[in-house]
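Listing of run01.txt; format and content: compact mmCIF, C-alpha atoms.
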# COMPACT_ATOMS: atom_id res chain seq x y z
CA MET A 1 8.01 -5.34 1.63
CA MET A 2 8.92 -2.03 3.19
CA ASN A 3 11.72 -3.54 5.30
CA SER A 4 13.27 -5.28 2.31
CA LYS A 5 13.36 -1.98 0.40
CA LEU A 6 15.01 -0.23 3.32
CA GLU A 7 17.64 -2.97 3.64
CA SER A 8 18.28 -2.78 -0.09
CA ALA A 9 18.77 0.98 0.19
CA LYS A 10 21.25 0.46 3.03
CA ARG A 11 23.25 -2.10 1.06
CA LYS A 12 23.40 0.19 -1.97
CA ARG A 13 24.65 3.08 0.15
CA VAL A 14 27.27 0.99 1.93
CA LYS A 15 28.57 -0.26 -1.39
CA THR A 16 28.73 3.26 -2.76
CA GLU A 17 30.63 4.58 0.24
CA GLU A 18 33.16 1.73 0.12
CA GLU A 19 33.64 2.06 -3.60
CA TYR A 20 34.36 5.76 -3.35
CA SER A 21 36.06 5.83 0.05
CA ASP A 22 38.83 7.96 -1.37
CA GLU A 23 36.50 10.76 -2.45
CA HIS A 24 37.54 12.89 0.52
CA SER A 25 41.08 13.19 -0.76
CA GLU A 26 42.37 16.70 -0.17
CA HIS A 27 43.72 16.73 -3.69
CA LYS A 28 40.21 16.78 -5.17
CA PRO A 29 38.19 19.98 -5.62
CA LEU A 30 34.90 20.41 -3.78
CA CYS A 31 31.77 19.71 -5.81
CA LYS A 32 30.34 23.06 -6.95
CA TYR A 33 26.79 21.90 -6.24
CA GLY A 34 27.53 21.57 -2.52
CA GLU A 35 24.86 19.90 -0.42
CA THR A 36 22.32 20.08 -3.26
CA CYS A 37 24.28 17.54 -5.32
CA TYR A 38 22.71 14.11 -5.50
CA GLN A 39 24.83 12.64 -8.30
CA LYS A 40 25.62 8.90 -8.25
CA ASN A 41 27.73 8.90 -11.40
CA SER A 42 31.05 7.20 -10.59
CA TYR A 43 33.13 9.65 -12.62
CA HIS A 44 31.61 12.62 -10.80
CA LEU A 45 32.09 11.06 -7.36
CA GLN A 46 35.72 10.19 -8.06
CA LYS A 47 36.56 13.64 -9.40
CA PHE A 48 34.97 15.86 -6.73
CA ARG A 49 34.81 15.83 -2.93
CA HIS A 50 31.44 15.59 -1.13
CA PRO A 51 32.11 16.00 2.62
CA HIS A 52 28.39 16.18 3.42
CA ARG A 53 27.82 12.68 2.07
CA ASP A 54 29.31 10.71 4.96
CA PRO A 55 26.00 9.67 6.60
CA LEU A 56 23.90 9.40 3.45
CA VAL A 57 21.72 6.45 4.49
CA LYS A 58 18.87 8.62 5.78
CA PRO A 59 17.96 10.43 2.51
CA GLU A 60 17.80 7.09 0.72
CA LEU A 61 15.44 5.76 3.38
CA GLU A 62 13.26 8.84 3.20
CA LEU A 63 12.96 8.34 -0.54
CA GLN A 64 11.92 4.72 -0.10
CA GLU A 65 9.44 5.62 2.62
CA LYS A 66 7.80 8.26 0.43
CA SER A 67 7.61 6.00 -2.59
CA ASP A 68 5.55 3.46 -0.67
CA GLU A 69 2.79 5.91 0.22
CA SER A 70 -0.48 5.47 -1.68
CA ILE A 71 -0.48 8.99 -3.12
CA THR A 72 -1.94 9.71 -6.51
CA CYS A 73 -2.74 13.46 -6.68
CA LEU A 74 -1.44 15.09 -9.86
CA MET A 75 1.83 13.17 -9.68
CA SER A 76 0.21 9.72 -9.79
CA SER A 77 2.10 6.93 -11.49
CA GLY A 78 -1.13 5.61 -12.93
CA SER A 79 -1.69 2.09 -14.20
CA THR A 80 -0.69 2.47 -17.82
CA GLY A 81 2.00 -0.18 -18.01
CA MET A 82 4.60 2.48 -18.71
CA LYS A 83 7.43 3.25 -16.31
CA GLU A 84 6.11 4.31 -12.95
CA GLN A 85 7.64 7.07 -10.88
CA GLU A 86 8.68 7.27 -7.27
CA THR A 87 8.15 10.55 -5.47
CA PRO A 88 11.59 12.14 -5.08
CA ALA A 89 12.94 13.14 -1.70
CA GLU A 90 12.28 16.78 -0.96
CA SER A 91 15.23 19.00 -1.70
CA ASN A 92 16.90 21.00 1.08
CA SER A 93 16.99 23.95 -1.28
CA THR A 94 14.54 26.81 -0.76
CA SER A 95 14.27 27.42 -4.50
CA SER A 96 10.76 27.53 -5.98
CA SER A 97 11.72 25.11 -8.77
CA VAL A 98 14.05 22.30 -9.70
CA THR A 99 16.93 24.49 -10.77
CA ALA A 100 19.81 24.14 -13.16
CA GLU A 101 22.23 24.02 -10.23
CA HIS A 102 21.01 20.53 -9.35
CA GLY A 103 22.71 17.54 -10.92
CA ILE A 104 20.56 14.59 -11.93
CA ASP A 105 21.54 11.04 -12.74
CA TYR A 106 18.98 9.48 -15.08
CA GLN A 107 19.54 5.74 -15.16
CA GLU A 108 19.90 4.05 -18.52
CA SER A 109 17.01 1.82 -19.53
CA LYS A 110 17.60 -1.27 -21.64
CA GLY A 111 16.29 -1.27 -25.16
CA ASP A 112 16.41 1.51 -27.74
CA ASP A 113 17.23 4.37 -25.34
CA ARG A 114 20.97 3.90 -25.75
CA GLU A 115 21.80 7.61 -25.78
CA LEU A 116 20.64 7.94 -22.14
CA VAL A 117 24.06 6.71 -20.97
CA HIS A 118 25.74 10.10 -20.87
CA SER A 119 23.46 12.66 -19.22
CA PRO A 120 24.43 16.29 -18.58
CA LEU A 121 24.67 17.29 -14.90
CA ASP A 122 22.50 20.33 -15.58
CA VAL A 123 18.91 19.09 -15.27
CA LYS A 124 17.61 21.52 -17.90
CA GLU A 125 20.31 20.52 -20.38
CA ASN A 126 19.54 16.88 -19.62
CA ILE A 127 15.91 17.35 -20.62
CA LYS A 128 16.87 19.32 -23.71
CA GLN A 129 19.24 16.53 -24.76
CA LYS A 130 16.51 13.91 -24.47
CA PHE A 131 13.55 15.87 -25.86
CA LEU A 132 15.35 18.34 -28.21
CA VAL A 133 13.54 21.35 -26.70
CA GLU A 134 13.86 23.56 -23.63
CA MET A 135 11.17 23.53 -20.99
CA PRO A 136 9.53 26.78 -19.78
CA ASP A 137 9.68 28.06 -16.21
CA ASP A 138 6.11 27.00 -15.45
CA PHE A 139 7.11 23.38 -16.11
CA TYR A 140 9.60 23.40 -13.20
CA GLN A 141 7.30 25.50 -11.03
CA PHE A 142 4.45 23.06 -11.54
CA TRP A 143 6.68 20.18 -10.49
CA THR A 144 7.54 22.03 -7.30
CA PHE A 145 3.85 22.72 -6.66
CA CYS A 146 3.04 19.02 -7.08
CA GLN A 147 5.73 18.10 -4.59
CA SER A 148 4.23 20.52 -2.08
CA ILE A 149 0.70 19.08 -2.26
CA CYS A 150 1.11 15.42 -3.21
CA GLN A 151 0.60 14.22 0.35
CA GLN A 152 -2.60 16.21 0.79
CA ASN A 153 -4.75 15.34 -2.22
CA THR A 154 -5.89 12.03 -3.63
CA LEU A 155 -8.00 11.75 -6.77
CA GLY A 156 -10.12 8.80 -7.78
CA LYS A 157 -8.84 6.43 -10.44
CA ARG A 158 -10.85 7.95 -13.29
CA GLU A 159 -9.86 11.47 -12.26
CA LYS A 160 -6.16 10.62 -12.06
CA PHE A 161 -3.70 12.62 -14.13
CA GLU A 162 -0.19 11.34 -14.59
CA LEU A 163 2.83 13.55 -15.22
CA VAL A 164 4.83 11.99 -18.03
CA GLY A 165 7.57 12.62 -20.57
CA PRO A 166 10.03 15.29 -19.40
CA PHE A 167 8.53 15.22 -15.91
CA GLU A 168 9.92 11.71 -15.55
CA LEU A 169 13.46 13.06 -15.87
CA LEU A 170 12.89 15.26 -12.84
CA ASP A 171 12.48 12.15 -10.73
CA GLN A 172 15.93 10.91 -9.78
CA THR A 173 14.90 7.29 -9.30
CA GLN A 174 12.77 4.92 -11.37
CA LYS A 175 11.02 1.73 -10.31
CA GLU A 176 12.36 -1.42 -11.88
CA SER A 177 9.14 -2.14 -13.79
CA LYS A 178 9.68 -2.01 -17.54
CA PRO A 179 7.37 -0.51 -20.18
CA LYS A 180 5.26 -2.98 -22.14
CA ASP A 181 6.55 -1.74 -25.48
CA LYS A 182 10.34 -1.90 -25.26
CA SER A 183 10.73 -0.34 -28.71
CA ASP A 184 9.29 2.97 -27.58
CA HIS A 185 11.88 5.68 -27.60
CA LEU A 186 11.84 8.19 -24.77
CA LEU A 187 11.43 11.01 -27.28
CA THR A 188 8.13 9.68 -28.60
CA GLN A 189 7.00 7.39 -25.77
CA TRP A 190 3.94 9.57 -25.16
CA GLN A 191 3.42 10.67 -28.77
CA PHE A 192 -0.23 9.89 -29.47
CA TYR A 193 -1.41 8.88 -32.93
CA TYR A 194 -2.38 12.32 -34.23
CA ASP A 195 0.24 14.37 -32.36
CA PRO A 196 2.43 16.54 -34.59
CA PRO A 197 6.12 17.03 -33.69
CA GLU A 198 5.16 20.49 -32.41
CA PHE A 199 3.14 18.93 -29.58
CA GLN A 200 4.91 17.49 -26.52
CA THR A 201 2.83 15.45 -24.08
CA ILE A 202 3.49 16.20 -20.41
CA MET A 203 0.32 14.88 -18.74
CA VAL A 204 -2.15 12.09 -19.48
CA GLY A 205 -5.66 11.63 -18.12
CA ASP A 206 -8.28 9.13 -19.20
CA LEU A 207 -6.25 6.73 -21.33
CA SER A 208 -9.36 4.84 -22.39
CA LYS A 209 -10.00 7.86 -24.61
CA GLY A 210 -6.41 8.97 -25.04
CA TYR A 211 -6.83 12.32 -23.30
CA HIS A 212 -3.53 14.15 -22.90
CA ILE A 213 -2.16 17.63 -22.29
CA GLY A 214 1.05 19.09 -23.64
CA TYR A 215 3.10 22.04 -24.80
CA PHE A 216 2.72 23.24 -28.40
CA ARG A 217 5.71 24.98 -29.98
CA ASP A 218 5.82 26.66 -33.35
CA ALA A 219 9.61 26.18 -33.45
CA PRO A 220 11.85 23.88 -31.40
CA ASN A 221 14.13 26.73 -30.33
CA GLU A 222 11.20 28.72 -28.91
CA MET A 223 9.25 28.40 -25.69
CA PRO A 224 5.77 26.87 -26.03
CA ALA A 225 3.11 28.98 -27.73
CA PHE A 226 0.44 27.41 -25.54
CA VAL A 227 -0.58 24.45 -23.42
CA GLY A 228 -3.14 22.37 -25.29
CA SER A 229 -5.04 19.11 -25.15
CA ASN A 230 -6.21 16.34 -27.44
CA THR A 231 -8.48 13.32 -27.07
CA GLU A 232 -7.11 10.70 -29.42
CA SER A 233 -10.37 8.75 -29.71
CA GLU A 234 -12.15 11.89 -30.92
CA GLY A 235 -9.71 12.84 -33.68
CA CYS A 236 -6.84 15.17 -34.39
CA VAL A 237 -8.05 18.53 -33.06
CA LEU A 238 -5.62 20.21 -30.65
CA THR A 239 -7.36 22.65 -28.31
CA PRO A 240 -5.35 25.57 -26.86
CA MET A 241 -6.04 25.84 -23.13
CA SER A 242 -3.67 28.46 -21.75
CA ASP A 243 -0.18 29.89 -21.98
CA ASN A 244 0.97 28.09 -18.81
CA LEU A 245 0.41 24.76 -17.11
CA PHE A 246 -1.23 26.19 -13.99
CA SER A 247 -4.06 27.79 -15.97
CA ALA A 248 -4.52 24.63 -18.02
CA VAL A 249 -4.75 22.37 -14.97
CA GLY A 250 -7.12 24.84 -13.34
CA GLN A 251 -9.44 24.49 -16.35
CA LEU A 252 -9.06 20.72 -16.24
CA ILE A 253 -10.08 20.61 -12.58
CA SER A 254 -13.09 22.83 -13.29
CA MET A 255 -14.25 20.45 -16.03
CA THR A 256 -13.66 17.38 -13.87
CA VAL A 257 -15.60 18.79 -10.91
CA LYS A 258 -18.79 18.68 -12.97
CA LYS A 259 -18.51 14.90 -13.46
CA VAL A 260 -17.67 13.60 -9.96
CA ASP A 261 -19.55 12.82 -6.75
CA PRO A 262 -19.80 15.42 -3.93
CA PHE A 263 -16.88 13.95 -1.95
CA LYS A 264 -14.46 14.13 -4.87
CA LYS A 265 -15.88 17.50 -5.84
CA SER A 266 -14.84 18.85 -2.43
CA GLN A 267 -11.34 17.43 -2.87
CA LEU A 268 -10.93 18.91 -6.33
CA THR A 269 -12.27 22.31 -5.28
CA SER A 270 -9.71 22.38 -2.49
CA LEU A 271 -6.96 21.34 -4.91
CA LYS A 272 -7.90 24.10 -7.35
CA LYS A 273 -7.72 26.69 -4.57
CA GLN A 274 -4.28 25.45 -3.58
CA LEU A 275 -3.15 25.65 -7.20
CA GLU A 276 -4.46 29.19 -7.65
CA ASP A 277 -3.02 30.35 -4.31
CA TRP A 278 0.38 28.89 -5.16
CA ALA A 279 0.31 30.47 -8.63
CA ASN A 280 -0.66 33.90 -7.28
CA LYS A 281 2.03 33.71 -4.61
CA ASN A 282 4.65 32.99 -7.28
CA GLY A 283 3.45 35.57 -9.80
CA ILE A 284 1.92 33.11 -12.28
CA LEU A 285 -1.11 34.44 -14.16
CA ILE A 286 -4.26 32.32 -14.31
CA GLU A 287 -5.94 33.37 -17.54
CA PRO A 288 -9.23 32.21 -19.09
CA GLN A 289 -9.12 30.03 -22.18
CA ASN A 290 -10.65 32.62 -24.48
CA GLN A 291 -7.59 34.88 -24.12
CA ILE A 292 -5.14 32.31 -25.46
CA LEU A 293 -7.55 31.49 -28.31
CA GLU A 294 -7.69 35.14 -29.33
CA LYS A 295 -3.90 35.46 -29.19
CA ARG A 296 -3.45 32.34 -31.29
CA LYS A 297 -5.85 33.45 -34.01
CA LYS A 298 -3.89 36.68 -34.47
CA LEU A 299 -0.61 34.81 -34.98
CA MET A 300 -1.50 31.81 -37.14
CA VAL A 301 -1.34 31.99 -40.94
CA ALA A 302 -3.40 28.83 -41.52
CA LYS A 303 -5.78 26.78 -39.39
CA THR A 304 -4.78 23.22 -40.51
CA PHE A 305 -6.81 20.13 -39.63
CA TYR A 306 -5.48 20.47 -36.08
CA GLU A 307 -7.40 23.78 -35.85
CA CYS A 308 -4.74 25.33 -33.59
CA GLY A 309 -2.94 26.78 -36.60
CA ILE A 310 0.63 27.21 -37.78
CA VAL A 311 2.94 30.20 -37.50
CA VAL A 312 5.70 30.92 -40.01
CA PRO A 313 7.74 34.06 -40.77
CA VAL A 314 5.94 36.22 -43.32
CA ASN A 315 7.35 39.44 -44.75
CA LYS A 316 4.81 42.17 -44.01
CA LYS A 317 5.55 44.08 -47.19
CA THR A 318 6.03 41.34 -49.77
CA LYS A 319 3.84 38.72 -48.00
CA VAL A 320 6.52 36.13 -48.82
CA GLY A 321 6.55 33.18 -46.41
CA TYR A 322 3.14 31.62 -46.86
CA ARG A 323 0.62 31.04 -49.64
CA LYS A 324 -2.70 29.27 -49.42
CA ILE A 325 -3.14 25.73 -50.64
CA PRO A 326 -5.23 26.00 -53.86
CA GLU A 327 -7.90 23.70 -52.45
CA THR A 328 -10.36 23.82 -49.57
CA SER A 329 -9.84 21.80 -46.40
CA ALA A 330 -13.10 19.95 -47.04
CA ASN A 331 -11.95 18.83 -50.50
CA ILE A 332 -8.54 17.76 -49.22
CA LYS A 333 -10.26 15.56 -46.63
CA LYS A 334 -12.37 14.02 -49.39
CA MET A 335 -9.22 13.31 -51.40
CA CYS A 336 -7.60 11.66 -48.39
CA LYS A 337 -10.69 9.59 -47.67
CA LYS A 338 -10.78 8.24 -51.22
CA ILE A 339 -7.10 7.24 -50.99
CA VAL A 340 -7.48 5.49 -47.63
CA GLU A 341 -10.60 3.62 -48.81
CA SER A 342 -9.06 2.49 -52.12
CA GLN A 343 -9.65 -1.22 -52.75
CA ASN A 344 -6.36 -1.88 -54.53
CA LEU A 345 -3.07 -0.27 -55.49
CA VAL A 346 -4.24 0.76 -58.96
CA GLU A 347 -7.23 2.56 -57.50
CA GLN A 348 -5.08 4.09 -54.80
CA ASN A 349 -2.59 5.49 -57.33
CA LYS A 350 -5.43 6.96 -59.36
CA ASN A 351 -7.01 8.58 -56.30
CA SER A 352 -3.62 9.99 -55.27
CA ASP A 353 -3.27 12.15 -58.38
CA ALA A 354 -5.10 15.10 -56.80
CA ILE A 355 -2.82 15.08 -53.74
CA GLN A 356 0.27 14.75 -55.95
CA GLU A 357 -0.85 17.85 -57.81
CA LEU A 358 -0.94 19.75 -54.50
CA VAL A 359 2.57 18.49 -53.73
CA THR A 360 3.70 20.01 -57.03
CA TYR A 361 2.20 23.36 -55.99
CA VAL A 362 4.15 23.10 -52.73
CA GLN A 363 7.38 22.69 -54.69
CA TYR A 364 6.61 25.87 -56.62
CA ALA A 365 5.88 27.65 -53.32
CA ASN A 366 9.16 26.47 -51.79
CA ASP A 367 11.07 27.79 -54.80
CA GLU A 368 9.59 31.20 -54.07
CA SER A 369 10.22 31.05 -50.29
CA ASP A 370 6.61 30.41 -49.30
CA TYR A 371 7.57 27.61 -46.94
CA GLY A 372 4.34 27.64 -44.94
CA MET A 373 2.34 25.91 -47.67
CA GLY A 374 4.32 22.66 -47.43
CA LEU A 375 4.15 22.77 -43.65
CA GLU A 376 0.38 23.13 -43.78
CA LEU A 377 -0.23 20.33 -46.27
CA GLY A 378 2.18 17.97 -44.48
CA LEU A 379 0.49 18.55 -41.13
CA ASP A 380 -2.95 18.14 -42.70
CA LEU A 381 -2.01 14.68 -43.98
CA LEU A 382 -0.50 13.76 -40.61
CA ALA A 383 -3.66 14.91 -38.87
CA PHE A 384 -5.91 12.95 -41.24
CA GLY A 385 -4.07 9.72 -40.46
CA GLY A 386 -3.18 6.69 -42.55
CA GLU A 387 0.11 4.92 -43.19
CA VAL A 388 -0.34 5.41 -46.93
CA PHE A 389 0.46 9.12 -46.43
CA HIS A 390 3.69 8.60 -44.47
CA PRO A 391 6.09 8.89 -47.46
CA ILE A 392 4.44 12.14 -48.60
CA ILE A 393 4.40 13.48 -45.03
CA LEU A 394 8.11 12.76 -44.62
CA HIS A 395 8.84 14.52 -47.90
CA LEU A 396 6.68 17.59 -47.29
CA LEU A 397 7.59 18.14 -43.65
CA GLY A 398 11.22 17.14 -44.12
CA VAL A 399 11.65 19.96 -46.63
CA ALA A 400 9.50 22.41 -44.65
CA TYR A 401 11.34 21.85 -41.37
CA GLU A 402 14.68 22.15 -43.17
CA LEU A 403 13.74 25.45 -44.84
CA LEU A 404 12.17 26.85 -41.66
CA GLU A 405 15.19 25.75 -39.58
CA ARG A 406 13.10 23.43 -37.42
CA LYS A 407 15.17 20.28 -37.94
CA GLU A 408 14.50 18.91 -34.45
CA PHE A 409 10.86 18.47 -35.40
CA PHE A 410 11.87 16.24 -38.30
CA VAL A 411 13.83 13.99 -35.93
CA ILE A 412 10.71 13.63 -33.78
CA LEU A 413 8.51 13.05 -36.83
CA LYS A 414 10.66 10.21 -38.18
CA LYS A 415 10.70 8.41 -34.85
CA HIS A 416 6.95 8.87 -34.48
CA LEU A 417 6.07 7.52 -37.92
CA ASN A 418 8.47 4.63 -37.45
CA ASN A 419 6.34 3.43 -34.53
CA ARG A 420 3.03 5.22 -34.96
CA ARG A 421 0.28 3.67 -32.87
CA ARG A 422 -2.87 4.56 -31.00
CA LEU A 423 -2.40 4.86 -27.25
CA ALA A 424 -6.09 5.08 -26.31
CA THR A 425 -6.63 1.84 -24.41
CA ALA A 426 -10.31 1.52 -25.37
CA GLU A 427 -9.37 1.49 -29.07
CA ASN A 428 -6.54 -0.98 -28.51
CA GLU A 429 -8.92 -3.38 -26.76
CA ASN A 430 -11.38 -3.39 -29.67

Represent the structure contained in this file as structure tokens.
Amino acid sequence: MMNSKLESAKRKRVKTEEEYSDEHSEHKPLCKYGETCYQKNSYHLQKFRHPHRDPLVKPELELQEKSDESITCLMSSGSTGMKEQETPAESNSTSSSVTAEHGIDYQESKGDDRELVHSPLDVKENIKQKFLVEMPDDFYQFWTFCQSICQQNTLGKREKFELVGPFELLDQTQKESKPKDKSDHLLTQWQFYYDPPEFQTIMVGDLSKGYHIGYFRDAPNEMPAFVGSNTESEGCVLTPMSDNLFSAVGQLISMTVKKVDPFKKSQLTSLKKQLEDWANKNGILIEPQNQILEKRKKLMVAKTFYECGIVVPVNKKTKVGYRKIPETSANIKKMCKKIVESQNLVEQNKNSDAIQELVTYVQYANDESDYGMGLELGLDLLAFGGEVFHPIILHLLGVAYELLERKEFFVILKKHLNNRRRLATAENEN
């Protein structure tokens, strides 16, 4: 198996070199990325010279050799049926992260991901194009940390945590295995049932329960407010963990250590020390969970069913920007429950009157620039769950995101509701 992969890599490289044998023409400018460039795009190779690429068989072989190693660590591909990742060849750069100077060629996948054809050379712009948001520094730093330790730590199957979503774009090659659900769009491939558009999954754990970790943003043009987690099988609650991925993973390891045997406990303890040492060396703060919870409470104007709150601009003097929903959360849940459990359409319409009245209050609030009320009610209905609420959710959040200038979130919401499903494997098997 290994030999066949190596031969395949050789054939691909030979073909590439023959196809672009004129790339060394003196009339072409040198590629600005120098030796760090690993583009395979034909247009790029024809336009710029790459003198260092003459004997490029070796890096391809190193990549194939690494991808065959049985390494799981934090970068494990897992066994979810989604696209699996190969460990990328280590860069010659001494940078502490995958930087914007590196080009990346993300191969187009067949199906609905048609816009993947034209990818920006800048890796950060490439991710922003696909996911509509920018990633924070700790995202790239964590990737670099994982590359540095992936050959030293192996976790058991139940303690495996897979890097997904935008992390997959940092891997320059993909295995040929296809996802089970071809209709999944890259933007919402790891959008769990209760996830709001503000929450972006970057790591999954025990998929039997739907445990996942991600970045939560209050606005798409801002950096994440916190790293949080949700267990789909347990409901909609999003729990803030930290303001960076290193602290969050440190907490995750601490929780996992309590549930494993002594051998795995030793491995995880060692991994946590490596993570903390790497973070300290690179100036990344490891903060306890209670600090991010306190910070969040000071900022949020409403708790919502997600319990992590929402943040909207509010004028300190006039208090314009948010007004409370004229109903308690407990009563709204009762209203939703009656609608979902309605036996027929007539009963459902009758039970919906109370919610429709709240929608009318939202319209009054929007007219007076209190945009937070519609955002809160829309997210509450999304968090409660139920396809019957989708039209109201689209209306409420469509208007709220428009008025709050968070249009990217509405794009994510529409794609999510168009293919909303539960990803927890235990639930899907029942």

**Study point:** Nearby residues (only C-alpha atoms) at most 12 Å from Lys334 of chain A, same-chain spacing under 4 positions excluded, as a ChimeraX atom specification
**Key:** /A:327-330,338-341,351-352,354-355,381,384

Practice item. Just the residues within 10 Å of segment 418-423 of chain A, please, counting all atoms listed in the file, with nothing from its chain fewer than 6 positions along; format it as a ChimeraX atom specification. Key: /A:80,183-185,188-195,207-211,232-233,386-387,390,412

Review point. To one decimal place, how far is atom CA of Asn230 of chain A from atom CA of Leu285 of chain A in Å?
Key: 23.0 Å

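One distance worth recording is that between atom CA of Glu347 of chain A and atom CA of Tyr364 of chain A, which is 27.1 Å.
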
Practice item. Using atom CA of Met255 of chain A and atom CA of Glu276 of chain A as the two end points, give the distance in Å to one decimal. Key: 15.6 Å

Could you produce a table of the residues of segment 324-392 of chain A lying within 7 Å of segment 396-403 of chain A, with the nearest pair of atoms per residue and their separation in Å rounded to one decimal, using all atoms listed in the file, ordered by chain and increasing residue number, as a tab-separated table?
residue	atom	partner	partner_atom	distance
A:Tyr371	CA	A:Ala400	CA	6.0
A:Gly374	CA	A:Leu396	CA	5.6
A:Leu375	CA	A:Ala400	CA	5.5
A:Gly378	CA	A:Leu396	CA	5.3
A:Ile392	CA	A:Leu396	CA	6.0
